[in-house]
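Engineer: You'll find data_6.pdb just under this line, and it carries PDB, C-alpha atoms.
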MODEL        1
ATOM      1  CA  MET A   1    -268.975  44.333  48.456
ATOM      2  CA  ALA A   2    -271.257  41.472  49.422
ATOM      3  CA  GLY A   3    -274.253  43.684  48.691
ATOM      4  CA  ILE A   4    -273.001  44.407  45.164
ATOM      5  CA  PHE A   5    -272.481  40.701  44.548
ATOM      6  CA  GLU A   6    -276.010  39.972  45.776
ATOM      7  CA  ALA A   7    -277.448  42.685  43.509
ATOM      8  CA  ILE A   8    -275.595  41.324  40.468
ATOM      9  CA  LEU A   9    -276.551  37.712  41.178
ATOM     10  CA  THR A  10    -280.205  38.573  41.770
ATOM     11  CA  GLY A  11    -280.196  40.703  38.633
ATOM     12  CA  LEU A  12    -278.871  37.823  36.531
ATOM     13  CA  LEU A  13    -281.420  35.372  37.920
ATOM     14  CA  THR A  14    -284.302  37.816  37.518
ATOM     15  CA  GLY A  15    -283.031  38.784  34.081
ATOM     16  CA  ALA A  16    -283.354  35.169  32.966
ATOM     17  CA  ILE A  17    -287.063  35.300  33.892
ATOM     18  CA  TYR A  18    -287.516  38.465  31.847
ATOM     19  CA  ALA A  19    -285.621  36.868  28.966
ATOM     20  CA  LEU A  20    -288.106  33.997  29.065
ATOM     21  CA  MET A  21    -291.047  36.404  28.913
ATOM     22  CA  ALA A  22    -289.440  38.596  26.233
ATOM     23  CA  SER A  23    -288.366  35.689  23.997
ATOM     24  CA  GLY A  24    -291.926  34.995  22.866
ATOM     25  CA  LEU A  25    -292.489  38.680  22.149
ATOM     26  CA  THR A  26    -289.384  39.080  19.995
ATOM     27  CA  LEU A  27    -289.945  35.725  18.241
ATOM     28  CA  ILE A  28    -293.450  36.770  17.214
ATOM     29  CA  PHE A  29    -292.184  40.083  15.873
ATOM     30  CA  GLY A  30    -289.368  38.411  13.973
ATOM     31  CA  VAL A  31    -291.667  35.982  12.157
ATOM     32  CA  MET A  32    -294.851  37.990  11.803
ATOM     33  CA  ASP A  33    -293.945  41.699  12.082
ATOM     34  CA  ILE A  34    -296.461  41.798  14.930
ATOM     35  CA  ILE A  35    -295.843  44.015  17.955
ATOM     36  CA  ASN A  36    -297.781  42.080  20.586
ATOM     37  CA  VAL A  37    -298.445  44.678  23.274
ATOM     38  CA  GLY A  38    -300.766  42.108  24.834
ATOM     39  CA  GLN A  39    -297.797  39.938  25.844
ATOM     40  CA  GLY A  40    -297.773  41.403  29.351
ATOM     41  CA  ALA A  41    -301.445  40.564  29.866
ATOM     42  CA  LEU A  42    -300.860  37.046  28.541
ATOM     43  CA  VAL A  43    -297.987  36.611  31.009
ATOM     44  CA  ILE A  44    -300.322  37.676  33.817
ATOM     45  CA  LEU A  45    -302.947  35.259  32.489
ATOM     46  CA  GLY A  46    -300.332  32.513  32.686
ATOM     47  CA  ALA A  47    -299.602  33.536  36.286
ATOM     48  CA  TYR A  48    -303.302  33.296  37.173
ATOM     49  CA  LEU A  49    -303.605  29.876  35.534
ATOM     50  CA  SER A  50    -300.736  28.687  37.733
ATOM     51  CA  TYR A  51    -302.479  30.336  40.700
ATOM     52  CA  VAL A  52    -305.706  28.411  40.055
ATOM     53  CA  LEU A  53    -303.899  25.086  39.663
ATOM     54  CA  SER A  54    -301.880  25.700  42.820
ATOM     55  CA  VAL A  55    -304.553  27.085  45.142
ATOM     56  CA  TYR A  56    -307.621  25.145  44.034
ATOM     57  CA  LEU A  57    -306.186  21.907  42.640
ATOM     58  CA  HIS A  58    -302.991  21.789  44.748
ATOM     59  CA  ILE A  59    -300.783  21.139  41.728
ATOM     60  CA  ASP A  60    -297.116  22.098  42.032
ATOM     61  CA  LEU A  61    -296.218  25.275  40.138
ATOM     62  CA  PHE A  62    -293.647  23.615  37.896
ATOM     63  CA  LEU A  63    -295.764  20.515  37.273
ATOM     64  CA  GLY A  64    -298.643  22.839  36.440
ATOM     65  CA  LEU A  65    -296.692  24.033  33.403
ATOM     66  CA  ILE A  66    -297.509  20.692  31.790
ATOM     67  CA  ILE A  67    -301.092  21.981  31.719
ATOM     68  CA  THR A  68    -300.731  25.745  31.365
ATOM     69  CA  MET A  69    -298.206  25.767  28.519
ATOM     70  CA  PRO A  70    -300.320  23.621  26.130
ATOM     71  CA  VAL A  71    -303.428  25.631  27.090
ATOM     72  CA  MET A  72    -301.674  28.910  26.336
ATOM     73  CA  PHE A  73    -300.220  27.452  23.129
ATOM     74  CA  ALA A  74    -303.739  26.596  21.935
ATOM     75  CA  LEU A  75    -304.970  30.055  22.967
ATOM     76  CA  GLY A  76    -302.134  31.626  20.974
ATOM     77  CA  VAL A  77    -303.013  29.653  17.840
ATOM     78  CA  LEU A  78    -306.648  30.737  18.258
ATOM     79  CA  ILE A  79    -305.721  34.398  18.720
ATOM     80  CA  GLU A  80    -303.480  34.330  15.646
ATOM     81  CA  TRP A  81    -306.202  32.736  13.522
ATOM     82  CA  ALA A  82    -309.049  34.976  14.737
ATOM     83  CA  PHE A  83    -307.376  38.361  15.208
ATOM     84  CA  ILE A  84    -303.924  38.497  13.605
ATOM     85  CA  ARG A  85    -304.246  36.560  10.357
ATOM     86  CA  PRO A  86    -307.030  38.800   8.970
ATOM     87  CA  LEU A  87    -304.627  41.772   9.130
ATOM     88  CA  LYS A  88    -303.363  42.064   5.559
ATOM     89  CA  VAL A  89    -302.423  45.743   5.332
ATOM     90  CA  ASP A  90    -300.323  47.762   7.816
ATOM     91  CA  ARG A  91    -299.944  44.642   9.948
ATOM     92  CA  THR A  92    -297.407  46.123  12.344
ATOM     93  CA  MET A  93    -299.419  49.243  13.187
ATOM     94  CA  LEU A  94    -302.796  47.506  13.319
ATOM     95  CA  SER A  95    -301.354  44.705  15.462
ATOM     96  CA  ILE A  96    -300.640  47.237  18.207
ATOM     97  CA  LEU A  97    -304.315  48.188  18.366
ATOM     98  CA  VAL A  98    -305.574  44.610  18.111
ATOM     99  CA  THR A  99    -303.243  43.156  20.740
ATOM    100  CA  PHE A 100    -303.879  46.097  23.085
ATOM    101  CA  ALA A 101    -307.607  45.362  22.797
ATOM    102  CA  ILE A 102    -306.881  41.715  23.628
ATOM    103  CA  ALA A 103    -304.892  42.858  26.667
ATOM    104  CA  LEU A 104    -307.805  44.985  27.893
ATOM    105  CA  ILE A 105    -310.223  42.076  27.446
ATOM    106  CA  ILE A 106    -307.937  39.756  29.420
ATOM    107  CA  GLU A 107    -307.526  42.371  32.148
ATOM    108  CA  GLY A 108    -311.292  42.861  32.389
ATOM    109  CA  VAL A 109    -312.042  39.135  32.578
ATOM    110  CA  LEU A 110    -309.350  38.547  35.213
ATOM    111  CA  SER A 111    -310.592  41.515  37.253
ATOM    112  CA  GLN A 112    -314.117  40.102  37.247
ATOM    113  CA  ILE A 113    -312.964  36.649  38.309
ATOM    114  CA  PHE A 114    -310.174  37.462  40.766
ATOM    115  CA  SER A 115    -310.838  41.158  41.591
ATOM    116  CA  THR A 116    -307.916  43.598  41.675
ATOM    117  CA  THR A 117    -306.455  42.225  44.902
ATOM    118  CA  VAL A 118    -302.713  41.627  44.687
ATOM    119  CA  VAL A 119    -301.721  37.967  44.963
ATOM    120  CA  LYS A 120    -298.535  35.915  44.757
ATOM    121  CA  LEU A 121    -297.816  32.288  43.993
ATOM    122  CA  HIS A 122    -296.630  30.125  46.872
ATOM    123  CA  ALA A 123    -294.771  26.837  47.254
ATOM    124  CA  TRP A 124    -292.063  25.583  49.591
ATOM    125  CA  TYR A 125    -289.353  26.810  47.209
ATOM    126  CA  VAL A 126    -291.010  30.231  46.987
ATOM    127  CA  ASP A 127    -291.136  30.723  50.754
ATOM    128  CA  THR A 128    -287.700  29.329  51.673
ATOM    129  CA  SER A 129    -284.213  30.561  50.868
ATOM    130  CA  LEU A 130    -280.732  29.282  50.168
ATOM    131  CA  GLN A 131    -277.891  30.854  52.143
ATOM    132  CA  ILE A 132    -274.980  32.075  50.023
ATOM    133  CA  GLY A 133    -272.302  33.652  52.147
ATOM    134  CA  THR A 134    -273.899  36.412  54.157
ATOM    135  CA  PHE A 135    -277.185  36.719  52.252
ATOM    136  CA  TYR A 136    -280.183  34.570  51.446
ATOM    137  CA  LEU A 137    -281.477  33.803  47.974
ATOM    138  CA  GLY A 138    -284.923  32.337  47.369
ATOM    139  CA  TYR A 139    -284.911  28.862  45.855
ATOM    140  CA  ILE A 140    -287.512  30.074  43.358
ATOM    141  CA  TYR A 141    -284.950  32.348  41.701
ATOM    142  CA  VAL A 142    -282.576  29.428  41.174
ATOM    143  CA  PHE A 143    -285.344  27.117  39.922
ATOM    144  CA  SER A 144    -286.759  29.802  37.628
ATOM    145  CA  PHE A 145    -283.281  30.443  36.241
ATOM    146  CA  LEU A 146    -282.905  26.741  35.458
ATOM    147  CA  LEU A 147    -286.386  26.700  33.890
ATOM    148  CA  SER A 148    -285.399  29.630  31.671
ATOM    149  CA  LEU A 149    -282.198  27.879  30.616
ATOM    150  CA  VAL A 150    -284.091  24.705  29.695
ATOM    151  CA  LEU A 151    -286.856  26.455  27.744
ATOM    152  CA  LEU A 152    -284.603  28.949  25.973
ATOM    153  CA  GLY A 153    -282.168  26.149  25.176
ATOM    154  CA  GLY A 154    -285.052  24.112  23.801
ATOM    155  CA  LEU A 155    -286.180  27.090  21.728
ATOM    156  CA  TYR A 156    -282.662  27.433  20.315
ATOM    157  CA  LEU A 157    -282.572  23.743  19.357
ATOM    158  CA  LEU A 158    -286.026  24.060  17.782
ATOM    159  CA  LEU A 159    -285.005  27.055  15.678
ATOM    160  CA  TYR A 160    -281.580  25.855  14.554
ATOM    161  CA  HIS A 161    -281.786  22.065  14.497
ATOM    162  CA  THR A 162    -285.245  21.192  13.160
ATOM    163  CA  LYS A 163    -287.024  21.489   9.835
ATOM    164  CA  PHE A 164    -289.677  23.666  11.452
ATOM    165  CA  GLY A 165    -286.936  25.944  12.786
ATOM    166  CA  HIS A 166    -285.555  26.398   9.279
ATOM    167  CA  SER A 167    -289.064  27.392   8.161
ATOM    168  CA  VAL A 168    -289.304  29.905  10.998
ATOM    169  CA  ARG A 169    -285.947  31.499  10.192
ATOM    170  CA  ALA A 170    -286.766  31.612   6.485
ATOM    171  CA  SER A 171    -290.025  33.382   7.301
ATOM    172  CA  MET A 172    -288.126  35.856   9.470
ATOM    173  CA  GLN A 173    -285.855  36.761   6.558
ATOM    174  CA  ASP A 174    -288.385  36.926   3.725
ATOM    175  CA  ARG A 175    -292.001  35.784   4.022
ATOM    176  CA  THR A 176    -292.695  35.956   0.290
ATOM    177  CA  ALA A 177    -289.614  33.941  -0.680
ATOM    178  CA  ALA A 178    -290.403  31.419   2.046
ATOM    179  CA  ALA A 179    -293.894  30.920   0.606
ATOM    180  CA  LEU A 180    -292.485  30.530  -2.902
ATOM    181  CA  ILE A 181    -290.255  27.630  -1.853
ATOM    182  CA  GLY A 182    -293.181  25.780  -0.319
ATOM    183  CA  ILE A 183    -293.157  26.905   3.304
ATOM    184  CA  ARG A 184    -296.671  27.291   4.720
ATOM    185  CA  VAL A 185    -296.069  30.712   6.193
ATOM    186  CA  GLU A 186    -299.484  31.066   7.820
ATOM    187  CA  ARG A 187    -299.080  27.718   9.560
ATOM    188  CA  VAL A 188    -295.600  28.723  10.739
ATOM    189  CA  SER A 189    -297.012  32.021  12.032
ATOM    190  CA  ALA A 190    -299.793  30.305  13.981
ATOM    191  CA  ILE A 191    -297.400  27.852  15.616
ATOM    192  CA  THR A 192    -294.940  30.636  16.362
ATOM    193  CA  PHE A 193    -297.641  32.685  18.059
ATOM    194  CA  GLY A 194    -298.594  29.595  20.056
ATOM    195  CA  ILE A 195    -294.983  29.080  21.130
ATOM    196  CA  GLY A 196    -294.833  32.710  22.219
ATOM    197  CA  MET A 197    -297.900  32.169  24.396
ATOM    198  CA  ALA A 198    -296.517  28.934  25.854
ATOM    199  CA  LEU A 199    -293.377  30.826  26.862
ATOM    200  CA  ALA A 200    -295.634  33.507  28.374
ATOM    201  CA  ALA A 201    -297.259  30.801  30.523
ATOM    202  CA  ALA A 202    -293.879  29.660  31.840
ATOM    203  CA  GLY A 203    -292.717  33.237  32.319
ATOM    204  CA  GLY A 204    -295.978  34.077  34.066
ATOM    205  CA  MET A 205    -295.474  31.300  36.598
ATOM    206  CA  ALA A 206    -291.924  32.460  37.331
ATOM    207  CA  PHE A 207    -293.007  36.112  37.472
ATOM    208  CA  GLY A 208    -295.943  35.352  39.764
ATOM    209  CA  ALA A 209    -293.740  33.378  42.129
ATOM    210  CA  THR A 210    -291.161  36.167  42.432
ATOM    211  CA  SER A 211    -293.446  39.226  42.296
ATOM    212  CA  ALA A 212    -296.902  40.098  43.584
ATOM    213  CA  PHE A 213    -299.373  40.742  40.768
ATOM    214  CA  ASN A 214    -302.951  41.622  39.882
ATOM    215  CA  PRO A 215    -304.791  41.968  36.539
ATOM    216  CA  GLY A 216    -303.382  45.473  36.009
ATOM    217  CA  SER A 217    -299.756  44.413  36.438
ATOM    218  CA  HIS A 218    -299.385  43.948  32.702
ATOM    219  CA  TYR A 219    -298.967  47.690  32.057
ATOM    220  CA  ASP A 220    -295.620  47.972  33.820
ATOM    221  CA  LEU A 221    -294.599  44.525  32.597
ATOM    222  CA  ILE A 222    -295.155  45.191  28.885
ATOM    223  CA  SER A 223    -293.240  48.487  29.091
ATOM    224  CA  ARG A 224    -290.232  46.583  30.414
ATOM    225  CA  LEU A 225    -290.540  43.765  27.884
ATOM    226  CA  LEU A 226    -290.797  46.201  24.976
ATOM    227  CA  ALA A 227    -287.767  48.099  26.282
ATOM    228  CA  ILE A 228    -285.824  44.839  26.436
ATOM    229  CA  ILE A 229    -286.599  43.698  22.883
ATOM    230  CA  ILE A 230    -285.996  47.193  21.478
ATOM    231  CA  LEU A 231    -282.646  47.367  23.229
ATOM    232  CA  GLY A 232    -281.679  43.855  22.143
ATOM    233  CA  GLY A 233    -282.858  44.428  18.584
ATOM    234  CA  MET A 234    -286.364  43.682  17.319
ATOM    235  CA  GLY A 235    -286.599  40.014  16.394
ATOM    236  CA  SER A 236    -283.271  39.009  17.982
ATOM    237  CA  LEU A 237    -283.547  36.250  20.600
ATOM    238  CA  ARG A 238    -279.878  36.647  21.518
ATOM    239  CA  GLY A 239    -280.441  40.379  21.949
ATOM    240  CA  ALA A 240    -283.471  39.791  24.192
ATOM    241  CA  LEU A 241    -281.435  37.493  26.429
ATOM    242  CA  ILE A 242    -278.441  39.830  26.756
ATOM    243  CA  ALA A 243    -280.625  42.924  27.196
ATOM    244  CA  SER A 244    -282.698  41.205  29.905
ATOM    245  CA  LEU A 245    -279.649  40.173  31.897
ATOM    246  CA  GLY A 246    -277.881  43.503  31.465
ATOM    247  CA  MET A 247    -280.832  45.741  32.259
ATOM    248  CA  LEU A 248    -281.907  43.823  35.367
ATOM    249  CA  VAL A 249    -278.351  43.845  36.704
ATOM    250  CA  ILE A 250    -278.165  47.621  36.127
ATOM    251  CA  GLU A 251    -281.491  48.112  37.878
ATOM    252  CA  ASN A 252    -280.553  45.982  40.905
ATOM    253  CA  VAL A 253    -277.121  47.553  41.324
ATOM    254  CA  THR A 254    -278.648  51.037  41.075
ATOM    255  CA  ALA A 255    -281.225  50.137  43.726
ATOM    256  CA  TYR A 256    -278.427  49.011  46.054
ATOM    257  CA  VAL A 257    -275.812  51.727  45.585
ATOM    258  CA  TRP A 258    -278.174  54.649  44.998
ATOM    259  CA  SER A 259    -281.897  54.235  45.638
ATOM    260  CA  PRO A 260    -284.732  51.869  44.615
ATOM    261  CA  VAL A 261    -286.634  54.980  43.520
ATOM    262  CA  TRP A 262    -284.104  55.569  40.719
ATOM    263  CA  ALA A 263    -283.755  51.941  39.637
ATOM    264  CA  SER A 264    -286.422  52.029  36.922
ATOM    265  CA  THR A 265    -285.316  55.495  35.809
ATOM    266  CA  VAL A 266    -281.790  54.240  35.178
ATOM    267  CA  PHE A 267    -283.270  51.226  33.353
ATOM    268  CA  PHE A 268    -284.975  53.414  30.751
ATOM    269  CA  THR A 269    -282.219  56.055  30.701
ATOM    270  CA  ALA A 270    -279.725  53.346  29.712
ATOM    271  CA  LEU A 271    -282.137  52.298  26.957
ATOM    272  CA  VAL A 272    -282.285  55.836  25.542
ATOM    273  CA  ILE A 273    -278.502  56.314  25.664
ATOM    274  CA  ILE A 274    -277.779  53.022  23.921
ATOM    275  CA  LEU A 275    -280.376  53.659  21.216
ATOM    276  CA  LEU A 276    -278.891  57.108  20.542
ATOM    277  CA  VAL A 277    -275.606  55.361  19.748
ATOM    278  CA  ARG A 278    -277.103  52.296  18.063
ATOM    279  CA  PRO A 279    -280.715  52.951  16.968
ATOM    280  CA  GLN A 280    -281.295  49.392  15.736
ATOM    281  CA  GLY A 281    -280.501  47.946  19.164
ATOM    282  CA  LEU A 282    -277.619  45.723  20.196
ATOM    283  CA  PHE A 283    -278.227  42.967  17.656
ATOM    284  CA  GLY A 284    -280.761  44.545  15.316
ATOM    285  CA  ARG A 285    -280.221  45.548  11.712
ATOM    286  CA  PHE A 286    -280.979  48.816   9.972
ATOM    287  CA  GLU A 287    -282.616  47.200   6.963
ATOM    288  CA  GLY A 288    -286.183  45.994   7.275
ATOM    289  CA  ARG A 289    -287.176  42.430   6.641
ATOM    290  CA  LYS A 290    -288.531  41.663   3.202
ATOM    291  CA  GLN A 291    -292.203  40.903   2.879
TER     292      GLN A 291
ENDMDL
END
Would you mind giving the structure from this file in structure tokens?

Structural biologist:
Amino acid sequence: MAGIFEAILTGLLTGAIYALMASGLTLIFGVMDIINVGQGALVILGAYLSYVLSVYLHIDLFLGLIITMPVMFALGVLIEWAFIRPLKVDRTMLSILVTFAIALIIEGVLSQIFSTTVVKLHAWYVDTSLQIGTFYLGYIYVFSFLLSLVLLGGLYLLLYHTKFGHSVRASMQDRTAAALIGIRVERVSAITFGIGMALAAAGGMAFGATSAFNPGSHYDLISRLLAIIILGGMGSLRGALIASLGMLVIENVTAYVWSPVWASTVFFTALVIILLVRPQGLFGRFEGRKQ
């Protein structure tokens, strides 16, 4: 029984990290109709930025976010301006090709700089554990969970309690109507993409502190993130959060009661079953968003 409890608790804490990484991906799709398959590579880039600050400049992982998140935000604005904004026709389909190319470029650059050796972020709270009953839980999982709560809570406040948030939600519903009432949709899109990249930086730090990674780790990561936002409903932040928590709990419990080999299989099998019943995802809608 204790093992089941440990699997559920670890799944919830890990799920919060995945929710943080997936939130930027689903936010970008909701506003821009862009499927950013480069999100996984950008998360790994964020992990390597934290690695550089930690190993070479001896800056604490969480304090380093004060640097990495603005840097990734600026990179996101640049990417949106240079590569996404010029896409005027078939944006959704072309965005897959463009962002995949960006992912390959990032992977190549990281491989040249850091090689393909697997690394992991380290700090006292990464290498020590908290005892809960009969098992031990790494402090990093607790701290990363709290980080996710703070950032996702801040994102919620931004979207629902600020003028900019109203502009974002209007753009998600109808870009043309939003432009007609004076909202600068392109500016909103650029900032939104930047926010998505800033969240990728934070998620990358948490991911790199809880999992070993190398430049090629983004392939498995993006498959999981896409599965999460599809299950939750494309463009739904609430869906991304619930899907992340649910799927990671399912995976961890399966690994404990059955076998780690089948954990990922059950993850994607659950996705297929749920989509057969509800094709639009848990919180998605059948109708497309107006352009």

Engineer: Please build the interface table for segment 31-75 of chain A against segment 99-111 of chain A with a cut-off of 6 Å, listing for each qualifying residue the nearest atom pair and the distance in Å to one decimal; count all atoms listed in the file, order rows by chain and increasing number, and write it as a Markdown table.

Structural biologist:
| residue | atom | partner | partner_atom | distance |
| --- | --- | --- | --- | --- |
| A:Asn36 | CA | A:Thr99 | CA | 5.6 |
| A:Val37 | CA | A:Phe100 | CA | 5.6 |
| A:Gly38 | CA | A:Ala103 | CA | 4.6 |
| A:Ala41 | CA | A:Ala103 | CA | 5.2 |

Engineer: Using the chain letters and numbering of this document, enumerate as JSON, numbers by chain the residues selected by the PyMOL selection byres ((chain A and resi 193) around 10).

Structural biologist: {"A": [24, 25, 27, 28, 29, 31, 32, 34, 36, 72, 73, 74, 75, 76, 77, 78, 79, 80, 81, 84, 187, 188, 189, 190, 191, 192, 194, 195, 196, 197, 198, 199]}

Engineer: May I have the residues from that selection written out with C-alpha atoms, as a short mmCIF file (atom, residue, chain, number, x, y, z; two decimals), keeping the file's coordinate frame?

Structural biologist:
data_model
loop_
_atom_site.label_atom_id
_atom_site.label_comp_id
_atom_site.auth_asym_id
_atom_site.auth_seq_id
_atom_site.Cartn_x
_atom_site.Cartn_y
_atom_site.Cartn_z
CA GLY A 24 -291.93 34.99 22.87
CA LEU A 25 -292.49 38.68 22.15
CA LEU A 27 -289.94 35.72 18.24
CA ILE A 28 -293.45 36.77 17.21
CA PHE A 29 -292.18 40.08 15.87
CA VAL A 31 -291.67 35.98 12.16
CA MET A 32 -294.85 37.99 11.80
CA ILE A 34 -296.46 41.80 14.93
CA ASN A 36 -297.78 42.08 20.59
CA MET A 72 -301.67 28.91 26.34
CA PHE A 73 -300.22 27.45 23.13
CA ALA A 74 -303.74 26.60 21.94
CA LEU A 75 -304.97 30.06 22.97
CA GLY A 76 -302.13 31.63 20.97
CA VAL A 77 -303.01 29.65 17.84
CA LEU A 78 -306.65 30.74 18.26
CA ILE A 79 -305.72 34.40 18.72
CA GLU A 80 -303.48 34.33 15.65
CA TRP A 81 -306.20 32.74 13.52
CA ILE A 84 -303.92 38.50 13.60
CA ARG A 187 -299.08 27.72 9.56
CA VAL A 188 -295.60 28.72 10.74
CA SER A 189 -297.01 32.02 12.03
CA ALA A 190 -299.79 30.30 13.98
CA ILE A 191 -297.40 27.85 15.62
CA THR A 192 -294.94 30.64 16.36
CA GLY A 194 -298.59 29.60 20.06
CA ILE A 195 -294.98 29.08 21.13
CA GLY A 196 -294.83 32.71 22.22
CA MET A 197 -297.90 32.17 24.40
CA ALA A 198 -296.52 28.93 25.85
CA LEU A 199 -293.38 30.83 26.86
#

Engineer: For this file, the PyMOL selection byres ((chain A and resi 133) around 12) selects which residues, as an MDAnalysis selection string?

Structural biologist: chainID A and resid 1:3 5:6 130:132 134:137

Engineer: In Å, rounded to a single decimal, give me how far atom CA of Thr254 of chain A is from atom CA of Ile229 of chain A.

Structural biologist: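 Pair atom CA of Ile229 of chain A / atom CA of Thr254 of chain A returns 21.2 Å.
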
Engineer: For Ala212 of chain A, which residue among A:Val150, A:Ala178, A:Tyr51, A:Thr68 is the nearest when counting only C-alpha atoms?

Structural biologist: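 Closest candidate: A:Tyr51.
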
Engineer: Between atom CA of Ile273 of chain A and atom CA of Ala22 of chain A, measure the distance and give it in Å to one decimal.

Structural biologist: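 Atom CA of Ala22 of chain A lies at a distance of 20.8 Å from atom CA of Ile273 of chain A.
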
Engineer: Residue by residue, what does the PyMOL selection byres ((chain A and resi 122) around 12) grab here? Present the result as an MDAnalysis selection string.

Structural biologist: chainID A and resid 47 50:55 58:62 119:121 123:128 138:140 205:212

Engineer: Those same residues, written as a compact mmCIF listing (two decimals), in the coordinates of the input with C-alpha atoms?

Structural biologist:
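Result file out_15.txt:
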# COMPACT_ATOMS: atom_id res chain seq x y z
CA ALA A 47 -299.60 33.54 36.29
CA SER A 50 -300.74 28.69 37.73
CA TYR A 51 -302.48 30.34 40.70
CA VAL A 52 -305.71 28.41 40.06
CA LEU A 53 -303.90 25.09 39.66
CA SER A 54 -301.88 25.70 42.82
CA VAL A 55 -304.55 27.08 45.14
CA HIS A 58 -302.99 21.79 44.75
CA ILE A 59 -300.78 21.14 41.73
CA ASP A 60 -297.12 22.10 42.03
CA LEU A 61 -296.22 25.28 40.14
CA PHE A 62 -293.65 23.62 37.90
CA VAL A 119 -301.72 37.97 44.96
CA LYS A 120 -298.54 35.92 44.76
CA LEU A 121 -297.82 32.29 43.99
CA ALA A 123 -294.77 26.84 47.25
CA TRP A 124 -292.06 25.58 49.59
CA TYR A 125 -289.35 26.81 47.21
CA VAL A 126 -291.01 30.23 46.99
CA ASP A 127 -291.14 30.72 50.75
CA THR A 128 -287.70 29.33 51.67
CA GLY A 138 -284.92 32.34 47.37
CA TYR A 139 -284.91 28.86 45.86
CA ILE A 140 -287.51 30.07 43.36
CA MET A 205 -295.47 31.30 36.60
CA ALA A 206 -291.92 32.46 37.33
CA PHE A 207 -293.01 36.11 37.47
CA GLY A 208 -295.94 35.35 39.76
CA ALA A 209 -293.74 33.38 42.13
CA THR A 210 -291.16 36.17 42.43
CA SER A 211 -293.45 39.23 42.30
CA ALA A 212 -296.90 40.10 43.58

Engineer: Might you pull out every residue within 12 Å of Thr269 of chain A, with only C-alpha atoms counted and same-chain residues fewer than 5 positions away left off, and present them as a ChimeraX atom specification?

Structural biologist: /A:227,231,247,250-251,262-264,274-276

Engineer: Between atom CA of Phe143 of chain A and atom CA of Leu13 of chain A, measure the distance and give it in Å to one decimal.

Structural biologist: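 Separating atom CA of Phe143 of chain A from atom CA of Leu13 of chain A is a distance of 9.4 Å.
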
Engineer: Please fill the gaps in segment 19-30 of chain A so it has N, CA and C atoms, and write that as an mmCIF file, in the frame of the given file.

Structural biologist:
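To be explicit, this is the file written out as result23.cif:
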data_model
loop_
_atom_site.group_PDB
_atom_site.id
_atom_site.type_symbol
_atom_site.label_atom_id
_atom_site.label_comp_id
_atom_site.auth_asym_id
_atom_site.auth_seq_id
_atom_site.Cartn_x
_atom_site.Cartn_y
_atom_site.Cartn_z
ATOM 1 N N ALA A 19 -286.003 37.376 30.281
ATOM 2 C CA ALA A 19 -285.621 36.868 28.966
ATOM 3 C C ALA A 19 -286.623 35.831 28.483
ATOM 4 N N LEU A 20 -287.104 35.000 29.412
ATOM 5 C CA LEU A 20 -288.106 33.997 29.065
ATOM 6 C C LEU A 20 -289.395 34.656 28.594
ATOM 7 N N MET A 21 -289.819 35.700 29.293
ATOM 8 C CA MET A 21 -291.047 36.404 28.913
ATOM 9 C C MET A 21 -290.865 37.174 27.610
ATOM 10 N N ALA A 22 -289.684 37.767 27.422
ATOM 11 C CA ALA A 22 -289.440 38.596 26.233
ATOM 12 C C ALA A 22 -289.176 37.759 24.987
ATOM 13 N N SER A 23 -288.724 36.516 25.157
ATOM 14 C CA SER A 23 -288.366 35.689 23.997
ATOM 15 C C SER A 23 -289.570 35.454 23.088
ATOM 16 N N GLY A 24 -290.733 35.192 23.679
ATOM 17 C CA GLY A 24 -291.926 34.995 22.866
ATOM 18 C C GLY A 24 -292.317 36.250 22.118
ATOM 19 N N LEU A 25 -292.139 37.400 22.764
ATOM 20 C CA LEU A 25 -292.489 38.680 22.149
ATOM 21 C C LEU A 25 -291.602 38.981 20.945
ATOM 22 N N THR A 26 -290.302 38.786 21.097
ATOM 23 C CA THR A 26 -289.384 39.080 19.995
ATOM 24 C C THR A 26 -289.466 38.022 18.901
ATOM 25 N N LEU A 27 -289.768 36.772 19.253
ATOM 26 C CA LEU A 27 -289.945 35.725 18.241
ATOM 27 C C LEU A 27 -291.151 36.031 17.355
ATOM 28 N N ILE A 28 -292.242 36.446 17.972
ATOM 29 C CA ILE A 28 -293.450 36.770 17.214
ATOM 30 C C ILE A 28 -293.192 37.939 16.267
ATOM 31 N N PHE A 29 -292.484 38.959 16.758
ATOM 32 C CA PHE A 29 -292.184 40.083 15.873
ATOM 33 C C PHE A 29 -291.300 39.644 14.719
ATOM 34 N N GLY A 30 -290.298 38.830 15.005
ATOM 35 C CA GLY A 30 -289.368 38.411 13.973
ATOM 36 C C GLY A 30 -290.027 37.655 12.845
#
